[in-house]
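A.B. asks: File run_9.cif follows (mmCIF, C-alpha atoms):
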```cif
data_query
loop_
_atom_site.group_PDB
_atom_site.id
_atom_site.type_symbol
_atom_site.label_atom_id
_atom_site.label_comp_id
_atom_site.auth_asym_id
_atom_site.auth_seq_id
_atom_site.Cartn_x
_atom_site.Cartn_y
_atom_site.Cartn_z
ATOM 1 C CA MET A 136 -2.765 33.326 -134.522
ATOM 2 C CA SER A 137 -4.360 32.202 -137.761
ATOM 3 C CA LEU A 138 -4.611 28.802 -139.390
ATOM 4 C CA THR A 139 -1.740 29.875 -141.625
ATOM 5 C CA ASP A 140 0.385 30.477 -138.518
ATOM 6 C CA ILE A 141 -0.534 27.050 -137.135
ATOM 7 C CA LEU A 142 0.328 25.389 -140.453
ATOM 8 C CA SER A 143 3.612 27.279 -140.576
ATOM 9 C CA THR A 144 4.766 25.527 -137.392
ATOM 10 C CA ILE A 145 4.455 22.170 -139.186
ATOM 11 C CA SER A 146 7.346 20.931 -141.323
ATOM 12 C CA PHE A 147 5.913 19.004 -144.236
ATOM 13 C CA ASP A 148 8.392 16.722 -146.011
ATOM 14 C CA ALA A 149 9.474 16.906 -149.658
ATOM 15 C CA ALA A 150 6.232 15.154 -150.653
ATOM 16 C CA GLY A 151 4.208 17.703 -148.663
ATOM 17 C CA LEU A 152 3.358 15.184 -145.951
ATOM 18 C CA VAL A 153 3.764 14.844 -142.198
ATOM 19 C CA PRO A 154 3.284 11.655 -140.149
ATOM 20 C CA ALA A 155 0.379 11.750 -137.711
ATOM 21 C CA ILE A 156 -0.010 9.373 -134.773
ATOM 22 C CA ALA A 157 -3.568 8.764 -133.558
ATOM 23 C CA GLN A 158 -3.928 8.057 -129.838
ATOM 24 C CA GLN A 159 -7.172 7.370 -127.996
ATOM 25 C CA HIS A 160 -7.424 10.439 -125.778
ATOM 26 C CA ASP A 161 -8.615 8.766 -122.580
ATOM 27 C CA THR A 162 -7.005 5.319 -122.571
ATOM 28 C CA GLY A 163 -3.694 6.364 -124.165
ATOM 29 C CA GLU A 164 -3.844 3.507 -126.653
ATOM 30 C CA VAL A 165 -1.863 4.215 -129.822
ATOM 31 C CA LEU A 166 -4.278 3.349 -132.615
ATOM 32 C CA MET A 167 -2.465 4.000 -135.889
ATOM 33 C CA MET A 168 -0.031 6.157 -137.797
ATOM 34 C CA ALA A 169 -0.860 7.737 -141.129
ATOM 35 C CA TRP A 170 0.077 10.806 -143.164
ATOM 36 C CA MET A 171 -1.398 14.270 -143.597
ATOM 37 C CA ASN A 172 -0.854 17.029 -146.120
ATOM 38 C CA ARG A 173 -1.695 20.689 -145.468
ATOM 39 C CA GLU A 174 -5.253 20.249 -146.669
ATOM 40 C CA ALA A 175 -5.799 17.238 -144.387
ATOM 41 C CA VAL A 176 -4.540 19.166 -141.344
ATOM 42 C CA GLN A 177 -6.731 22.116 -142.298
ATOM 43 C CA GLU A 178 -9.844 19.970 -142.741
ATOM 44 C CA THR A 179 -9.168 18.049 -139.522
ATOM 45 C CA LEU A 180 -8.896 21.260 -137.501
ATOM 46 C CA ALA A 181 -11.959 22.768 -139.183
ATOM 47 C CA THR A 182 -14.249 19.745 -138.779
ATOM 48 C CA ALA A 183 -12.741 17.975 -135.731
ATOM 49 C CA ARG A 184 -13.015 14.774 -137.750
ATOM 50 C CA VAL A 185 -9.667 13.298 -138.638
ATOM 51 C CA CYS A 186 -8.767 13.444 -142.315
ATOM 52 C CA TYR A 187 -5.509 11.891 -143.543
ATOM 53 C CA PHE A 188 -3.835 11.819 -146.932
ATOM 54 C CA SER A 189 -3.695 8.382 -148.511
ATOM 55 C CA ARG A 190 -0.359 7.876 -150.229
ATOM 56 C CA SER A 191 -1.613 4.798 -152.083
ATOM 57 C CA ARG A 192 -4.692 6.558 -153.414
ATOM 58 C CA ASN A 193 -3.029 9.984 -153.627
ATOM 59 C CA ALA A 194 -6.139 11.617 -152.187
ATOM 60 C CA LEU A 195 -7.619 12.901 -148.953
ATOM 61 C CA TRP A 196 -8.734 10.033 -146.737
ATOM 62 C CA ARG A 197 -11.583 10.987 -144.457
ATOM 63 C CA LYS A 198 -11.147 8.345 -141.788
ATOM 64 C CA GLY A 199 -14.367 6.395 -141.349
ATOM 65 C CA GLN A 200 -16.114 7.755 -144.425
ATOM 66 C CA THR A 201 -16.403 4.236 -145.865
ATOM 67 C CA SER A 202 -16.174 2.146 -142.707
ATOM 68 C CA GLY A 203 -18.150 4.385 -140.362
ATOM 69 C CA GLN A 204 -15.300 4.184 -137.844
ATOM 70 C CA LEU A 205 -14.818 7.926 -137.398
ATOM 71 C CA GLN A 206 -12.039 9.582 -135.444
ATOM 72 C CA HIS A 207 -13.138 12.673 -133.550
ATOM 73 C CA LEU A 208 -10.291 15.069 -132.857
ATOM 74 C CA LYS A 209 -9.839 16.085 -129.233
ATOM 75 C CA GLU A 210 -6.480 17.828 -129.622
ATOM 76 C CA LEU A 211 -3.736 18.179 -132.205
ATOM 77 C CA ARG A 212 -0.182 18.273 -130.876
ATOM 78 C CA ILE A 213 3.017 19.161 -132.707
ATOM 79 C CA ASP A 214 6.458 17.832 -131.813
ATOM 80 C CA CYS A 215 9.644 19.770 -131.097
ATOM 81 C CA ASP A 216 10.848 19.718 -134.697
ATOM 82 C CA GLY A 217 7.365 20.269 -136.139
ATOM 83 C CA ASP A 218 7.746 17.175 -138.280
ATOM 84 C CA THR A 219 5.375 14.777 -136.484
ATOM 85 C CA LEU A 220 1.817 15.259 -135.269
ATOM 86 C CA LEU A 221 0.069 13.543 -132.379
ATOM 87 C CA LEU A 222 -3.715 13.415 -132.677
ATOM 88 C CA LEU A 223 -5.641 12.818 -129.490
ATOM 89 C CA VAL A 224 -8.857 11.297 -130.769
ATOM 90 C CA ASP A 225 -12.034 9.601 -129.779
ATOM 91 C CA GLN A 226 -12.138 6.539 -132.030
ATOM 92 C CA GLU A 227 -15.550 5.158 -132.919
ATOM 93 C CA GLY A 228 -15.343 1.377 -133.170
ATOM 94 C CA VAL A 229 -12.031 0.192 -134.555
ATOM 95 C CA ALA A 230 -9.093 2.053 -136.098
ATOM 96 C CA CYS A 231 -7.582 -0.818 -138.095
ATOM 97 C CA HIS A 232 -8.834 -1.976 -141.478
ATOM 98 C CA THR A 233 -8.411 -5.558 -140.217
ATOM 99 C CA GLY A 234 -11.219 -4.918 -137.736
ATOM 100 C CA ARG A 235 -8.927 -4.565 -134.748
ATOM 101 C CA ARG A 236 -9.063 -1.640 -132.355
ATOM 102 C CA SER A 237 -5.400 -0.713 -132.980
ATOM 103 C CA CYS A 238 -3.159 -1.298 -135.991
ATOM 104 C CA PHE A 239 -0.361 -2.367 -133.618
ATOM 105 C CA PHE A 240 -1.643 -5.870 -132.948
ATOM 106 C CA ARG A 241 1.620 -7.727 -133.548
ATOM 107 C CA ALA A 242 4.394 -7.862 -130.984
ATOM 108 C CA VAL A 243 7.843 -9.388 -130.854
ATOM 109 C CA ARG A 244 7.660 -11.806 -127.945
ATOM 110 C CA ASP A 245 10.102 -14.609 -127.178
ATOM 111 C CA GLY A 246 11.957 -13.933 -130.394
ATOM 112 C CA ALA A 247 8.915 -14.240 -132.645
ATOM 113 C CA VAL A 248 6.097 -12.078 -133.990
ATOM 114 C CA ALA A 249 2.889 -12.840 -132.102
ATOM 115 C CA GLY A 250 -0.645 -11.590 -132.686
ATOM 116 C CA ILE A 251 -1.855 -9.891 -129.507
ATOM 117 C CA ALA A 252 -5.350 -8.712 -130.485
ATOM 118 C CA ALA A 253 -8.218 -10.287 -132.387
ATOM 119 C CA PRO A 254 -10.547 -8.486 -134.796
ATOM 120 C CA LEU A 255 -13.602 -7.011 -133.077
ATOM 121 C CA VAL A 256 -15.510 -6.762 -136.331
ATOM 122 C CA SER A 257 -15.134 -8.428 -139.703
ATOM 123 C CA PRO A 258 -13.332 -6.323 -142.335
ATOM 124 C CA LYS A 259 -16.092 -7.405 -144.727
ATOM 125 C CA THR A 260 -18.725 -5.658 -142.648
ATOM 126 C CA LEU A 261 -16.485 -2.577 -142.488
ATOM 127 C CA TYR A 262 -15.855 -2.138 -146.179
ATOM 128 C CA CYS A 263 -17.713 -4.365 -148.579
ATOM 129 C CA GLY A 264 -14.625 -4.260 -150.756
ATOM 130 C CA SER A 265 -13.239 -0.739 -150.327
ATOM 131 C CA HIS A 266 -10.730 0.612 -147.803
ATOM 132 C CA GLY A 267 -10.895 3.539 -145.389
ATOM 133 C CA MET B 107 11.242 -17.684 -136.020
ATOM 134 C CA SER B 108 14.573 -15.953 -136.476
ATOM 135 C CA LEU B 109 15.567 -12.312 -136.407
ATOM 136 C CA THR B 110 15.509 -12.441 -140.207
ATOM 137 C CA ASP B 111 11.873 -13.539 -140.073
ATOM 138 C CA ILE B 112 11.036 -10.717 -137.669
ATOM 139 C CA LEU B 113 12.778 -8.184 -139.911
ATOM 140 C CA SER B 114 10.957 -9.581 -142.948
ATOM 141 C CA THR B 115 7.615 -8.568 -141.424
ATOM 142 C CA ILE B 116 8.768 -4.928 -141.434
ATOM 143 C CA SER B 117 8.362 -2.849 -144.600
ATOM 144 C CA PHE B 118 11.261 -0.442 -144.808
ATOM 145 C CA ASP B 119 10.716 2.495 -147.166
ATOM 146 C CA ALA B 120 12.771 3.372 -150.249
ATOM 147 C CA ALA B 121 15.412 4.924 -147.970
ATOM 148 C CA GLY B 122 15.531 1.732 -145.878
ATOM 149 C CA LEU B 123 13.742 3.359 -142.951
ATOM 150 C CA VAL B 124 10.615 2.774 -140.896
ATOM 151 C CA PRO B 125 9.000 5.264 -138.482
ATOM 152 C CA ALA B 126 9.056 4.208 -134.836
ATOM 153 C CA ILE B 127 6.812 5.708 -132.163
ATOM 154 C CA ALA B 128 8.119 5.560 -128.587
ATOM 155 C CA GLN B 129 5.477 5.253 -125.877
ATOM 156 C CA GLN B 130 6.113 5.072 -122.149
ATOM 157 C CA HIS B 131 4.965 1.525 -121.381
ATOM 158 C CA ASP B 132 3.121 2.175 -118.118
ATOM 159 C CA THR B 133 1.662 5.661 -118.456
ATOM 160 C CA GLY B 134 0.854 5.464 -122.174
ATOM 161 C CA GLU B 135 2.482 8.826 -122.845
ATOM 162 C CA VAL B 136 3.677 9.180 -126.433
ATOM 163 C CA LEU B 137 7.241 10.430 -126.099
ATOM 164 C CA MET B 138 8.614 10.853 -129.616
ATOM 165 C CA MET B 139 8.746 9.554 -133.156
ATOM 166 C CA ALA B 140 11.966 8.778 -134.966
ATOM 167 C CA TRP B 141 13.249 6.464 -137.683
ATOM 168 C CA MET B 142 14.944 3.076 -137.715
ATOM 169 C CA ASN B 143 16.819 1.131 -140.345
ATOM 170 C CA ARG B 144 17.302 -2.656 -140.239
ATOM 171 C CA GLU B 145 20.452 -2.336 -138.186
ATOM 172 C CA ALA B 146 18.738 -0.094 -135.628
ATOM 173 C CA VAL B 147 15.858 -2.564 -135.218
ATOM 174 C CA GLN B 148 18.342 -5.420 -134.886
ATOM 175 C CA GLU B 149 20.436 -3.629 -132.278
ATOM 176 C CA THR B 150 17.357 -2.501 -130.333
ATOM 177 C CA LEU B 151 16.041 -6.068 -130.135
ATOM 178 C CA ALA B 152 19.460 -7.440 -129.232
ATOM 179 C CA THR B 153 20.278 -4.931 -126.494
ATOM 180 C CA ALA B 154 16.807 -3.820 -125.325
ATOM 181 C CA ARG B 155 18.124 -0.268 -125.524
ATOM 182 C CA VAL B 156 16.450 1.756 -128.229
ATOM 183 C CA CYS B 157 18.655 2.671 -131.174
ATOM 184 C CA TYR B 158 17.286 4.856 -133.984
ATOM 185 C CA PHE B 159 18.743 5.984 -137.278
ATOM 186 C CA SER B 160 19.433 9.701 -137.472
ATOM 187 C CA ARG B 161 18.501 11.018 -140.900
ATOM 188 C CA SER B 162 20.340 14.299 -140.304
ATOM 189 C CA ARG B 163 23.548 12.573 -139.233
ATOM 190 C CA ASN B 164 23.041 9.539 -141.488
ATOM 191 C CA ALA B 165 24.159 7.237 -138.690
ATOM 192 C CA LEU B 166 22.838 5.002 -135.939
ATOM 193 C CA TRP B 167 21.566 7.057 -133.025
ATOM 194 C CA ARG B 168 21.812 5.233 -129.721
ATOM 195 C CA LYS B 169 19.199 7.154 -127.769
ATOM 196 C CA GLY B 170 20.709 8.535 -124.598
ATOM 197 C CA GLN B 171 24.318 7.798 -125.478
ATOM 198 C CA THR B 172 25.176 11.487 -125.237
ATOM 199 C CA SER B 173 22.405 12.736 -122.975
ATOM 200 C CA GLY B 174 22.168 9.760 -120.633
ATOM 201 C CA GLN B 175 18.397 9.656 -121.217
ATOM 202 C CA LEU B 176 18.206 5.993 -122.238
ATOM 203 C CA GLN B 177 15.124 4.246 -123.566
ATOM 204 C CA HIS B 178 14.778 0.670 -122.356
ATOM 205 C CA LEU B 179 12.703 -1.464 -124.694
ATOM 206 C CA LYS B 180 9.796 -3.293 -123.096
ATOM 207 C CA GLU B 181 8.119 -4.475 -126.297
ATOM 208 C CA LEU B 182 8.341 -3.831 -130.023
ATOM 209 C CA ARG B 183 5.052 -3.832 -131.914
ATOM 210 C CA ILE B 184 4.460 -3.848 -135.667
ATOM 211 C CA ASP B 185 1.410 -2.389 -137.364
ATOM 212 C CA CYS B 186 -0.961 -4.069 -139.819
ATOM 213 C CA ASP B 187 0.973 -2.974 -142.904
ATOM 214 C CA GLY B 188 4.364 -3.537 -141.297
ATOM 215 C CA ASP B 189 5.362 0.032 -142.105
ATOM 216 C CA THR B 190 5.254 1.585 -138.628
ATOM 217 C CA LEU B 191 6.703 0.394 -135.318
ATOM 218 C CA LEU B 192 5.462 1.106 -131.817
ATOM 219 C CA LEU B 193 8.107 0.852 -129.122
ATOM 220 C CA LEU B 194 6.888 0.392 -125.579
ATOM 221 C CA VAL B 195 9.742 1.802 -123.555
ATOM 222 C CA ASP B 196 10.855 2.804 -120.124
ATOM 223 C CA GLN B 197 12.266 6.281 -120.627
ATOM 224 C CA GLU B 198 14.983 7.429 -118.260
ATOM 225 C CA GLY B 199 14.571 11.140 -117.602
ATOM 226 C CA VAL B 200 13.343 13.029 -120.644
ATOM 227 C CA ALA B 201 12.819 11.986 -124.265
ATOM 228 C CA CYS B 202 13.017 15.419 -125.893
ATOM 229 C CA HIS B 203 16.244 17.237 -126.696
ATOM 230 C CA THR B 204 14.583 20.408 -125.356
ATOM 231 C CA GLY B 205 14.607 18.836 -121.892
ATOM 232 C CA ARG B 206 10.902 18.019 -121.901
ATOM 233 C CA ARG B 207 9.565 14.595 -121.083
ATOM 234 C CA SER B 208 7.769 14.288 -124.456
ATOM 235 C CA CYS B 209 8.506 15.890 -127.813
ATOM 236 C CA PHE B 210 4.780 16.646 -128.214
ATOM 237 C CA PHE B 211 4.701 19.679 -125.941
ATOM 238 C CA ARG B 212 2.816 22.001 -128.294
ATOM 239 C CA ALA B 213 -0.936 21.822 -128.803
ATOM 240 C CA VAL B 214 -3.448 23.658 -130.931
ATOM 241 C CA ARG B 215 -5.809 25.225 -128.411
ATOM 242 C CA ASP B 216 -8.308 28.023 -129.080
ATOM 243 C CA GLY B 217 -6.993 28.396 -132.592
ATOM 244 C CA ALA B 218 -3.370 28.909 -131.599
ATOM 245 C CA VAL B 219 -0.287 26.832 -130.836
ATOM 246 C CA ALA B 220 0.287 26.705 -127.086
ATOM 247 C CA GLY B 221 3.162 25.240 -125.087
ATOM 248 C CA ILE B 222 1.761 22.648 -122.679
ATOM 249 C CA ALA B 223 4.893 21.351 -120.935
ATOM 250 C CA ALA B 224 7.996 23.008 -119.551
ATOM 251 C CA PRO B 225 11.529 21.601 -119.703
ATOM 252 C CA LEU B 226 12.389 19.393 -116.733
ATOM 253 C CA VAL B 227 16.114 19.739 -117.331
ATOM 254 C CA SER B 228 18.211 22.231 -119.242
ATOM 255 C CA PRO B 229 19.268 21.092 -122.737
ATOM 256 C CA LYS B 230 22.728 22.401 -121.848
ATOM 257 C CA THR B 231 23.094 19.897 -119.061
ATOM 258 C CA LEU B 232 21.872 17.169 -121.429
ATOM 259 C CA TYR B 233 24.286 17.757 -124.267
ATOM 260 C CA CYS B 234 27.030 20.291 -123.775
ATOM 261 C CA GLY B 235 26.657 21.058 -127.464
ATOM 262 C CA SER B 236 25.855 17.728 -129.126
ATOM 263 C CA HIS B 237 22.488 16.109 -129.807
ATOM 264 C CA GLY B 238 21.108 12.681 -128.938
#
```
Let me see the file written as structure tokens.

C.D. replies:
Amino acid sequence: MSLTDILSTISFDAAGLVPAIAQQHDTGEVLMMAWMNREAVQETLATARVCYFSRSRNALWRKGQTSGQLQHLKELRIDCDGDTLLLLVDQEGVACHTGRRSCFFRAVRDGAVAGIAAPLVSPKTLYCGSHG
Amino acid sequence: MSLTDILSTISFDAAGLVPAIAQQHDTGEVLMMAWMNREAVQETLATARVCYFSRSRNALWRKGQTSGQLQHLKELRIDCDGDTLLLLVDQEGVACHTGRRSCFFRAVRDGAVAGIAAPLVSPKTLYCGSHG
């Protein structure tokens, strides 16, 4: 089976994208969800460093390239319909641009939205003005 | 904080939808990803039974209504940008319409796509022809 065969099992949407969930491989923590195009999937499989596609910047987004918070790919999984990916990763540092480990740091509790995790690092130290 | 306030923290896309990841609350297993509209979020919070929006059927999709494989909501989390939800659930039976516990039963291993989980129940016994 070639890379082309692997890519052919993935259903990219009309914009050429597929949602990808990043999960810390050993703890099971869901870290973030972002999007990939064919090139991002290809690069991620080739390098074992997670590369997304940034819809806001309309460009490949090599996770951690600016922030240093790399995601190392442990395994790429594909769902039943081929239209969602699950990335088992080893996250260096924090996944969220706010400096939190996971992007899912808000929860509905007692009928209100509550923050449930504090930043581990300052976003300023992560980016110095840019985003990634 | 009212339900309106909670809903206002969620960024629905141009089609009025937001992706929602379902994770088994105690084991951390990622079960599936589907979509919700405002009404689905509202109903899920009100009933604590997960309700999605089916894009193919263009209708609310009360998970398990046909198959009996209900998802009980333990907690709804919202990501940093408000454009993805993480549902911590207690999944009755199986989440996948193929009869597997999780929809992510295919993995790229040794350069090929491999099945990594077998069906626990027959899809025929789940649906008798319908889907949900």

A.B. asks: Could you write out as an NGL selection string the residues of chain A within 8 Å of chain B, counting only C-alpha atoms?

C.D. replies: :A and (136-138 or 141 or 162-164 or 167-168 or 210-215 or 219-221 or 231 or 233 or 238-244 or 246-248)

A.B. asks: Could you write out that same residue set with C-alpha atoms as a short mmCIF file (atom, residue, chain, number, x, y, z; two decimals), in the frame of the given file?

C.D. replies:
```
data_model
loop_
_atom_site.label_atom_id
_atom_site.label_comp_id
_atom_site.auth_asym_id
_atom_site.auth_seq_id
_atom_site.Cartn_x
_atom_site.Cartn_y
_atom_site.Cartn_z
CA MET A 136 -2.76 33.33 -134.52
CA SER A 137 -4.36 32.20 -137.76
CA LEU A 138 -4.61 28.80 -139.39
CA ILE A 141 -0.53 27.05 -137.14
CA THR A 162 -7.00 5.32 -122.57
CA GLY A 163 -3.69 6.36 -124.16
CA GLU A 164 -3.84 3.51 -126.65
CA MET A 167 -2.46 4.00 -135.89
CA MET A 168 -0.03 6.16 -137.80
CA GLU A 210 -6.48 17.83 -129.62
CA LEU A 211 -3.74 18.18 -132.21
CA ARG A 212 -0.18 18.27 -130.88
CA ILE A 213 3.02 19.16 -132.71
CA ASP A 214 6.46 17.83 -131.81
CA CYS A 215 9.64 19.77 -131.10
CA THR A 219 5.38 14.78 -136.48
CA LEU A 220 1.82 15.26 -135.27
CA LEU A 221 0.07 13.54 -132.38
CA CYS A 231 -7.58 -0.82 -138.10
CA THR A 233 -8.41 -5.56 -140.22
CA CYS A 238 -3.16 -1.30 -135.99
CA PHE A 239 -0.36 -2.37 -133.62
CA PHE A 240 -1.64 -5.87 -132.95
CA ARG A 241 1.62 -7.73 -133.55
CA ALA A 242 4.39 -7.86 -130.98
CA VAL A 243 7.84 -9.39 -130.85
CA ARG A 244 7.66 -11.81 -127.94
CA GLY A 246 11.96 -13.93 -130.39
CA ALA A 247 8.91 -14.24 -132.65
CA VAL A 248 6.10 -12.08 -133.99
#
```

A.B. asks: Select, from B:Ala223, B:Val195, B:Val124, B:Leu179, the residue with the minimum atom-to-atom distance to B:Arg161, counting all atoms listed in the file.

C.D. replies: B:Val124

A.B. asks: What do you get, as JSON, numbers by chain, if you spell out every residue that the PyMOL selection byres ((chain B and resi 176) around 8) selects here?

C.D. replies: {"B": [155, 156, 169, 170, 171, 173, 174, 175, 177, 178, 197, 198, 199]}

A.B. asks: In Å, with one decimal, what is the gap from atom CA of A:Phe188 to atom CA of A:Leu152?

C.D. replies: 8.0 Å

A.B. asks: Over every C-alpha pair, in sequence order, do a least-squares fit of chain A onto chain B and save the fitted chain as a CSV table (one decimal) with C-alpha atoms, keeping the file's coordinate frame.

C.D. replies:
```csv
chain,number,residue,atom,x,y,z
A,136,MET,CA,11.2,-17.7,-136.0
A,137,SER,CA,14.6,-16.0,-136.5
A,138,LEU,CA,15.6,-12.3,-136.4
A,139,THR,CA,15.5,-12.4,-140.2
A,140,ASP,CA,11.9,-13.6,-140.1
A,141,ILE,CA,11.0,-10.7,-137.7
A,142,LEU,CA,12.8,-8.2,-139.9
A,143,SER,CA,11.0,-9.6,-142.9
A,144,THR,CA,7.6,-8.6,-141.4
A,145,ILE,CA,8.8,-4.9,-141.4
A,146,SER,CA,8.4,-2.9,-144.6
A,147,PHE,CA,11.2,-0.4,-144.8
A,148,ASP,CA,10.7,2.5,-147.2
A,149,ALA,CA,12.8,3.4,-150.2
A,150,ALA,CA,15.4,4.9,-148.0
A,151,GLY,CA,15.5,1.7,-145.9
A,152,LEU,CA,13.7,3.4,-143.0
A,153,VAL,CA,10.6,2.8,-140.9
A,154,PRO,CA,9.0,5.3,-138.5
A,155,ALA,CA,9.1,4.2,-134.8
A,156,ILE,CA,6.8,5.7,-132.2
A,157,ALA,CA,8.1,5.6,-128.6
A,158,GLN,CA,5.5,5.3,-125.9
A,159,GLN,CA,6.1,5.1,-122.1
A,160,HIS,CA,5.0,1.5,-121.4
A,161,ASP,CA,3.1,2.2,-118.1
A,162,THR,CA,1.7,5.7,-118.4
A,163,GLY,CA,0.9,5.5,-122.2
A,164,GLU,CA,2.5,8.8,-122.8
A,165,VAL,CA,3.7,9.2,-126.4
A,166,LEU,CA,7.2,10.4,-126.1
A,167,MET,CA,8.6,10.9,-129.6
A,168,MET,CA,8.7,9.6,-133.2
A,169,ALA,CA,12.0,8.8,-135.0
A,170,TRP,CA,13.2,6.5,-137.7
A,171,MET,CA,14.9,3.1,-137.7
A,172,ASN,CA,16.8,1.1,-140.4
A,173,ARG,CA,17.3,-2.7,-140.3
A,174,GLU,CA,20.5,-2.3,-138.2
A,175,ALA,CA,18.7,-0.1,-135.6
A,176,VAL,CA,15.9,-2.6,-135.2
A,177,GLN,CA,18.3,-5.4,-134.9
A,178,GLU,CA,20.4,-3.6,-132.3
A,179,THR,CA,17.3,-2.5,-130.3
A,180,LEU,CA,16.0,-6.1,-130.1
A,181,ALA,CA,19.5,-7.5,-129.2
A,182,THR,CA,20.3,-4.9,-126.5
A,183,ALA,CA,16.8,-3.8,-125.3
A,184,ARG,CA,18.1,-0.3,-125.5
A,185,VAL,CA,16.4,1.8,-128.2
A,186,CYS,CA,18.6,2.7,-131.2
A,187,TYR,CA,17.3,4.9,-134.0
A,188,PHE,CA,18.7,6.0,-137.3
A,189,SER,CA,19.4,9.7,-137.5
A,190,ARG,CA,18.5,11.0,-140.9
A,191,SER,CA,20.3,14.3,-140.3
A,192,ARG,CA,23.5,12.6,-139.2
A,193,ASN,CA,23.0,9.5,-141.5
A,194,ALA,CA,24.2,7.2,-138.7
A,195,LEU,CA,22.8,5.0,-135.9
A,196,TRP,CA,21.5,7.1,-133.0
A,197,ARG,CA,21.8,5.2,-129.7
A,198,LYS,CA,19.2,7.1,-127.8
A,199,GLY,CA,20.7,8.5,-124.6
A,200,GLN,CA,24.3,7.8,-125.5
A,201,THR,CA,25.2,11.5,-125.3
A,202,SER,CA,22.4,12.7,-123.0
A,203,GLY,CA,22.2,9.8,-120.6
A,204,GLN,CA,18.4,9.6,-121.2
A,205,LEU,CA,18.2,6.0,-122.2
A,206,GLN,CA,15.1,4.2,-123.6
A,207,HIS,CA,14.8,0.7,-122.4
A,208,LEU,CA,12.7,-1.5,-124.7
A,209,LYS,CA,9.8,-3.3,-123.1
A,210,GLU,CA,8.1,-4.5,-126.3
A,211,LEU,CA,8.3,-3.8,-130.0
A,212,ARG,CA,5.0,-3.8,-131.9
A,213,ILE,CA,4.5,-3.9,-135.7
A,214,ASP,CA,1.4,-2.4,-137.4
A,215,CYS,CA,-1.0,-4.1,-139.8
A,216,ASP,CA,1.0,-3.0,-142.9
A,217,GLY,CA,4.4,-3.5,-141.3
A,218,ASP,CA,5.4,0.0,-142.1
A,219,THR,CA,5.3,1.6,-138.6
A,220,LEU,CA,6.7,0.4,-135.3
A,221,LEU,CA,5.5,1.1,-131.8
A,222,LEU,CA,8.1,0.9,-129.1
A,223,LEU,CA,6.9,0.4,-125.6
A,224,VAL,CA,9.8,1.8,-123.6
A,225,ASP,CA,10.9,2.8,-120.1
A,226,GLN,CA,12.3,6.3,-120.6
A,227,GLU,CA,15.0,7.4,-118.3
A,228,GLY,CA,14.6,11.2,-117.6
A,229,VAL,CA,13.3,13.0,-120.6
A,230,ALA,CA,12.8,12.0,-124.3
A,231,CYS,CA,13.0,15.4,-125.9
A,232,HIS,CA,16.2,17.3,-126.7
A,233,THR,CA,14.6,20.4,-125.4
A,234,GLY,CA,14.6,18.8,-121.9
A,235,ARG,CA,10.9,18.0,-121.9
A,236,ARG,CA,9.5,14.6,-121.1
A,237,SER,CA,7.8,14.3,-124.5
A,238,CYS,CA,8.5,15.9,-127.8
A,239,PHE,CA,4.8,16.6,-128.2
A,240,PHE,CA,4.7,19.7,-126.0
A,241,ARG,CA,2.8,22.0,-128.3
A,242,ALA,CA,-0.9,21.8,-128.8
A,243,VAL,CA,-3.4,23.7,-130.9
A,244,ARG,CA,-5.8,25.2,-128.4
A,245,ASP,CA,-8.3,28.0,-129.1
A,246,GLY,CA,-7.0,28.4,-132.6
A,247,ALA,CA,-3.4,28.9,-131.6
A,248,VAL,CA,-0.3,26.8,-130.8
A,249,ALA,CA,0.3,26.7,-127.1
A,250,GLY,CA,3.2,25.2,-125.1
A,251,ILE,CA,1.8,22.6,-122.7
A,252,ALA,CA,4.9,21.3,-120.9
A,253,ALA,CA,8.0,23.0,-119.5
A,254,PRO,CA,11.5,21.6,-119.7
A,255,LEU,CA,12.4,19.4,-116.7
A,256,VAL,CA,16.1,19.7,-117.3
A,257,SER,CA,18.2,22.2,-119.3
A,258,PRO,CA,19.3,21.1,-122.7
A,259,LYS,CA,22.7,22.4,-121.8
A,260,THR,CA,23.1,19.9,-119.0
A,261,LEU,CA,21.9,17.2,-121.4
A,262,TYR,CA,24.3,17.8,-124.2
A,263,CYS,CA,27.0,20.3,-123.7
A,264,GLY,CA,26.7,21.1,-127.4
A,265,SER,CA,25.9,17.8,-129.1
A,266,HIS,CA,22.5,16.1,-129.8
A,267,GLY,CA,21.2,12.7,-128.9
```

A.B. asks: Residues near stretch 227-230 of chain B, anyone? I mean within 6 Å using only C-alpha atoms, not counting same-chain ones fewer than 2 positions away, as number ranges by chain.

C.D. replies: B: 204-205, 225, 232-234

A.B. asks: Report, in Å with one decimal, the straight-line distance from atom CA of A:Thr179 to atom CA of B:Ala128.

C.D. replies: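 So the two atoms, atom CA of A:Thr179 and atom CA of B:Ala128, lie 24.0 Å apart.
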
A.B. asks: Which of these residues is nearest to A:Ala149, using all atoms listed in the file: A:Arg197, A:Gln177, A:Asn172, A:Ser191?

C.D. replies: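 Looking only at the distances to A:Ala149, the closest residue turns out to be A:Asn172.
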
A.B. asks: Exactly which residues make up the result of the PyMOL selection byres ((chain B and resi 166) around 10) on this file, given as a ChimeraX atom specification?

C.D. replies: /B:141-143,145-146,149,157-161,163-165,167-169

A.B. asks: Could you check how far atom CA of B:Ser117 sits from atom CA of B:Val147, in Å to one decimal?

C.D. replies: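 That distance, rounded to one decimal, is 12.0 Å.
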
A.B. asks: Work out where the centre of an axis-aligned box around every listed atom of stretch 181-192 of chain B lies and how long its edges are once 8 Å is added on each side; give both in Å to one decimal as AutoDock Vina command-line options.

C.D. replies:
```
--center_x 3.7 --center_y -1.4 --center_z -134.6 --size_x 25.3 --size_y 22.1 --size_z 32.6
```

A.B. asks: Which residue, A:Asp148, A:Thr260, A:Gln159, A:Arg173, has the smallest gap to A:Arg236 when you use all atoms listed in the file?

C.D. replies: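 Among the listed residues, A:Gln159 lies closest to A:Arg236.
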